[in-house]
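> Below are the structure tokens for one structure; questions will follow.
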Amino acid sequence: MKSLRYGGLLAAVLMATTACAGAGGGGGTGENSINVLMVNNPQMQDLQKLAADNFTKDTGITVNFTVLPENDVRDKISQDFSSQAGQYDVATISNYETPIYARNGWLTPLDDHVAEDTAFDQGDILEPIRRSLTAADGKVYAQPFYGESSFLMYRKDVLDAQGITVPERPTWQQVADIAARVDGAQPGMKGICLRGQPGWGQLMAPLTTVVNTFGGTWFTEDWQARVNAPEFKQATEFYVNLVRAHGEAGAPQAGFAECLNNMTQGKVAMWYDATVAAGLLEAADSPVRGKLGFAQAPVVRTDSSAWLYTWAFGIQKASKKADNAWKFVSWASGKGYEELVGKSLGWSRVPDGKRRSTYQRPEYLAASGSFAAQAEAAIAGAKPDDPGVQARPAAGIQFVGIPEFTDLGTRVSQGISAAIAGSTTVDEALAEGQRLAEAVAAKHRGN
């Protein structure tokens with residue numbers, strides 16, 4: 001889920017690990033200013049650069065940005081919104097946080113603003129993304145800046161040379177077989193890159209999609225923990241064995257940025273990860289541009305296994321500048337902003353994955369035609385309310401939509417990452433994971 005997009009690879013990797021404080025930080029107090037707290041992904045860096053000469057110039061509203069790495073920004077947003085301190089009017093939140101924050105009364109409902117702002121065109125938002133930002137009360141609490149799913153990316157030229165064709169909807173066994181065949185196809189090239197870095201949004205994101213399609217689940221509908229169940233174990237062993245046998249060097253420390261680096265430098269032949277990676281791989285300065293193929297997320301027992309994620313903008317309930325905050329959110333999430341980015345920075349840098357109209361723009365399709373259709377199909381086919389073979393107690397594909405999952409997913413991922421490193425076994429990792437999950441399940445059964 002940690003997604004980087006656009007620009008050179010070195011800049012992307014640096015942005016993934018380095019804080020970037022925006023002008024003024026969070027201290028602006030003027031009547032015509034708002035404070036925005038954002039993750040430091042490249043799309044948001046573009047937004048920050050464009051705001052003054054466009055949004056502020058048109059509205060007179062100054063935007064004071066605070067821009068931080070993902071883990072840091074999540075902590076800061078949680079602290080400010082949970083206390084309703086009101087230091088920040090707007091923050092980037094995902095479809096994981098939005099329903100939880102809405103339920104806790106930390107977000108401003110946006111329905112009235114949407115109804116009054118007909119130019120925003122809420123109906124143009126892709127249905128899965130729109131649903132993921134709608135709470136149980138039926139109200140919309142955030143608007144997407146960009147969206148993503150997951151799919152398989154591969155070096156078509158390398159596979160073609162081996163006489164290998166990837167199905168449009170491959171199975172995981174087919175992917176494993178191909179990884180074995182292309183391992184070593186070029187000097188220093190491994191078969192596949194899969195995240196092994198601990199974290200609920202790192203290793204556990206792709207692995208949970210594998211668990212889903214193998215027939216596993218974190219919890220049953222009645223809150224029984226299933227982390228050491230046969231299906232969960234089978235999926236985890238498959239993932240660990242595949243990355244150990246044919247995966248990237250340094251896999252236990254490899255996350256999104258590291259796999260991006262490996263794929264760009266020709267060190268791996270395939271990569272299963274976020275659809276937003278395709279824009280970087282096909283960027284004008286990418287060494288692998290034009291050499292890639294794309295396929296839907298691999299499956300076993302389900303028709304689809306792709307995840308669903310969006311970085312979106314939510315307005316803090318405690319904000320005293322909700323009207324100005326909405327003007328910013330509607331600008332950043334609107335069609336006009338996409339056109340601004342396309343014309344001023346290039347259409348490959350448009351924050352996509354959120355609007356139907358994006359995939360109808362000739363300029364955008366000309367820049368991203370190799371992957372746009374596959375990415376749109378992946379988002380459209382994502383099923384956050386029904387991602388596996390059994391009913392779930394909470395929504396989510398690559399996560400479980402409960403507050404405890406940030407800690408639970410991270411702690412379980414640490415054991416699995418250790419299994420990839422060879423310092424523990426999958427059985428030991430999942431036994432500890434089951435103990436942790438049972439404590440969470442017991443809490444929810446008591447509600």
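Residues in the structure tokens are numbered from 1 in each chain, the chains being A, B, ... in the order shown, and ligands are numbered from 1 in the order shown.
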What's the 9 Å shell around A:Leu242, counting only C-alpha atoms, without same-chain residues fewer than 3 positions away, as a ChimeraX atom specification?

/A:176,179-180,192,194,237-239,245-247

> Those same residues - N, CA and C atoms - I'd like them written as a PDB file, in the first residue's frame.


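Everything below was put into result.pdb:
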ATOM      1  N   ALA A 176       4.274 -18.949 -10.094  1.00  0.00           N
ATOM      2  CA  ALA A 176       5.419 -19.617  -9.471  1.00  0.00           C
ATOM      3  C   ALA A 176       6.216 -20.411 -10.502  1.00  0.00           C
ATOM      4  N   ALA A 179       8.162 -17.956 -12.587  1.00  0.00           N
ATOM      5  CA  ALA A 179       9.278 -17.411 -11.813  1.00  0.00           C
ATOM      6  C   ALA A 179      10.464 -18.370 -11.817  1.00  0.00           C
ATOM      7  N   ALA A 180      10.170 -19.666 -11.699  1.00  0.00           N
ATOM      8  CA  ALA A 180      11.249 -20.666 -11.717  1.00  0.00           C
ATOM      9  C   ALA A 180      11.933 -20.710 -13.078  1.00  0.00           C
ATOM     10  N   ILE A 192      11.038 -13.186  -9.446  1.00  0.00           N
ATOM     11  CA  ILE A 192       9.921 -12.353  -9.014  1.00  0.00           C
ATOM     12  C   ILE A 192      10.325 -11.520  -7.808  1.00  0.00           C
ATOM     13  N   LEU A 194       8.565  -9.922  -4.407  1.00  0.00           N
ATOM     14  CA  LEU A 194       7.417  -9.884  -3.507  1.00  0.00           C
ATOM     15  C   LEU A 194       7.871  -9.217  -2.215  1.00  0.00           C
ATOM     16  N   GLU A 237       2.970 -20.292   3.408  1.00  0.00           N
ATOM     17  CA  GLU A 237       4.092 -21.137   2.991  1.00  0.00           C
ATOM     18  C   GLU A 237       4.386 -20.965   1.505  1.00  0.00           C
ATOM     19  N   PHE A 238       3.345 -20.862   0.697  1.00  0.00           N
ATOM     20  CA  PHE A 238       3.531 -20.644  -0.737  1.00  0.00           C
ATOM     21  C   PHE A 238       4.299 -19.348  -0.972  1.00  0.00           C
ATOM     22  N   TYR A 239       3.868 -18.276  -0.341  1.00  0.00           N
ATOM     23  CA  TYR A 239       4.480 -16.960  -0.508  1.00  0.00           C
ATOM     24  C   TYR A 239       5.934 -16.984  -0.045  1.00  0.00           C
ATOM     25  N   ALA A 245      12.852 -19.001  -2.857  1.00  0.00           N
ATOM     26  CA  ALA A 245      13.428 -19.764  -3.968  1.00  0.00           C
ATOM     27  C   ALA A 245      13.772 -18.896  -5.171  1.00  0.00           C
ATOM     28  N   HIS A 246      12.887 -17.964  -5.490  1.00  0.00           N
ATOM     29  CA  HIS A 246      13.040 -17.226  -6.747  1.00  0.00           C
ATOM     30  C   HIS A 246      12.861 -15.725  -6.595  1.00  0.00           C
ATOM     31  N   GLY A 247      12.847 -15.236  -5.366  1.00  0.00           N
ATOM     32  CA  GLY A 247      12.630 -13.824  -5.125  1.00  0.00           C
ATOM     33  C   GLY A 247      13.907 -13.007  -5.078  1.00  0.00           C
TER      34      GLY A 247
END

> Residues within 8 Å of stretch 131-139 of chain A, please, as a ChimeraX atom specification. Count only C-alpha atoms; anything in the same chain fewer than 6 positions from it doesn't count.

/A:95,98-99,102-103,109-111,384

> How would the residues just picked look written out with N, CA and C atoms as an mmCIF file, in the first residue's frame?


data_model
loop_
_atom_site.group_PDB
_atom_site.id
_atom_site.type_symbol
_atom_site.label_atom_id
_atom_site.label_comp_id
_atom_site.auth_asym_id
_atom_site.auth_seq_id
_atom_site.Cartn_x
_atom_site.Cartn_y
_atom_site.Cartn_z
ATOM 1 N N ASN A 95 -8.782 4.435 2.627
ATOM 2 C CA ASN A 95 -10.049 3.727 2.837
ATOM 3 C C ASN A 95 -9.986 2.796 4.030
ATOM 4 N N THR A 98 -10.820 5.817 6.889
ATOM 5 C CA THR A 98 -12.029 6.628 6.733
ATOM 6 C C THR A 98 -13.245 6.078 7.480
ATOM 7 N N PRO A 99 -13.637 4.809 7.311
ATOM 8 C CA PRO A 99 -14.811 4.331 8.056
ATOM 9 C C PRO A 99 -14.614 4.357 9.576
ATOM 10 N N ALA A 102 -14.783 8.009 10.702
ATOM 11 C CA ALA A 102 -16.174 8.467 10.599
ATOM 12 C C ALA A 102 -17.005 7.945 11.756
ATOM 13 N N ARG A 103 -16.822 6.664 12.067
ATOM 14 C CA ARG A 103 -17.566 6.054 13.175
ATOM 15 C C ARG A 103 -17.248 6.740 14.507
ATOM 16 N N PRO A 109 -18.883 15.090 7.474
ATOM 17 C CA PRO A 109 -19.566 14.498 6.310
ATOM 18 C C PRO A 109 -19.523 15.466 5.130
ATOM 19 N N LEU A 110 -19.347 14.942 3.932
ATOM 20 C CA LEU A 110 -19.159 15.798 2.764
ATOM 21 C C LEU A 110 -20.372 15.859 1.845
ATOM 22 N N ASP A 111 -21.445 15.187 2.212
ATOM 23 C CA ASP A 111 -22.593 15.081 1.300
ATOM 24 C C ASP A 111 -23.189 16.431 0.935
ATOM 25 N N PRO A 384 -13.972 -5.388 -1.694
ATOM 26 C CA PRO A 384 -13.605 -5.233 -0.279
ATOM 27 C C PRO A 384 -14.601 -5.831 0.703
#

> Between A:Phe214, A:Trp223, A:Tyr96, A:Phe313, which residue has the minimum interatomic distance to A:Ala142, considering only C-alpha atoms?

A:Phe313

> Fewer than 4 positions away in the same chain doesn't count, so skip those; otherwise give me all residues within 12 Å of A:Asp53, counting only C-alpha atoms, as number ranges by chain.

A: 47-49, 57-63, 340, 344

> Please save C-alpha atoms of the selected residues as a PDB file, in the first residue's frame.


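Output file part01.pdb is given in full below:
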ATOM      1  CA  LEU A  47       0.024  19.011  -5.562  1.00  0.00           C
ATOM      2  CA  GLN A  48       2.092  21.065  -3.147  1.00  0.00           C
ATOM      3  CA  LYS A  49       4.035  22.653  -6.012  1.00  0.00           C
ATOM      4  CA  LYS A  57      -4.449  32.300  -7.065  1.00  0.00           C
ATOM      5  CA  ASP A  58      -8.032  31.395  -7.987  1.00  0.00           C
ATOM      6  CA  THR A  59      -9.559  31.297  -4.480  1.00  0.00           C
ATOM      7  CA  GLY A  60      -7.384  33.511  -2.298  1.00  0.00           C
ATOM      8  CA  ILE A  61      -7.008  30.611   0.157  1.00  0.00           C
ATOM      9  CA  THR A  62      -3.451  29.964   1.333  1.00  0.00           C
ATOM     10  CA  VAL A  63      -2.584  26.320   1.960  1.00  0.00           C
ATOM     11  CA  LEU A 340      -3.810  20.858 -14.802  1.00  0.00           C
ATOM     12  CA  SER A 344       1.704  21.323 -16.878  1.00  0.00           C
TER      13      SER A 344
END

> Quote the spacing between atom CA of A:Gly147 and atom CA of A:Glu339 in Å to one decimal place.

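Separation between atom CA of A:Gly147 and atom CA of A:Glu339: 16.8 Å.
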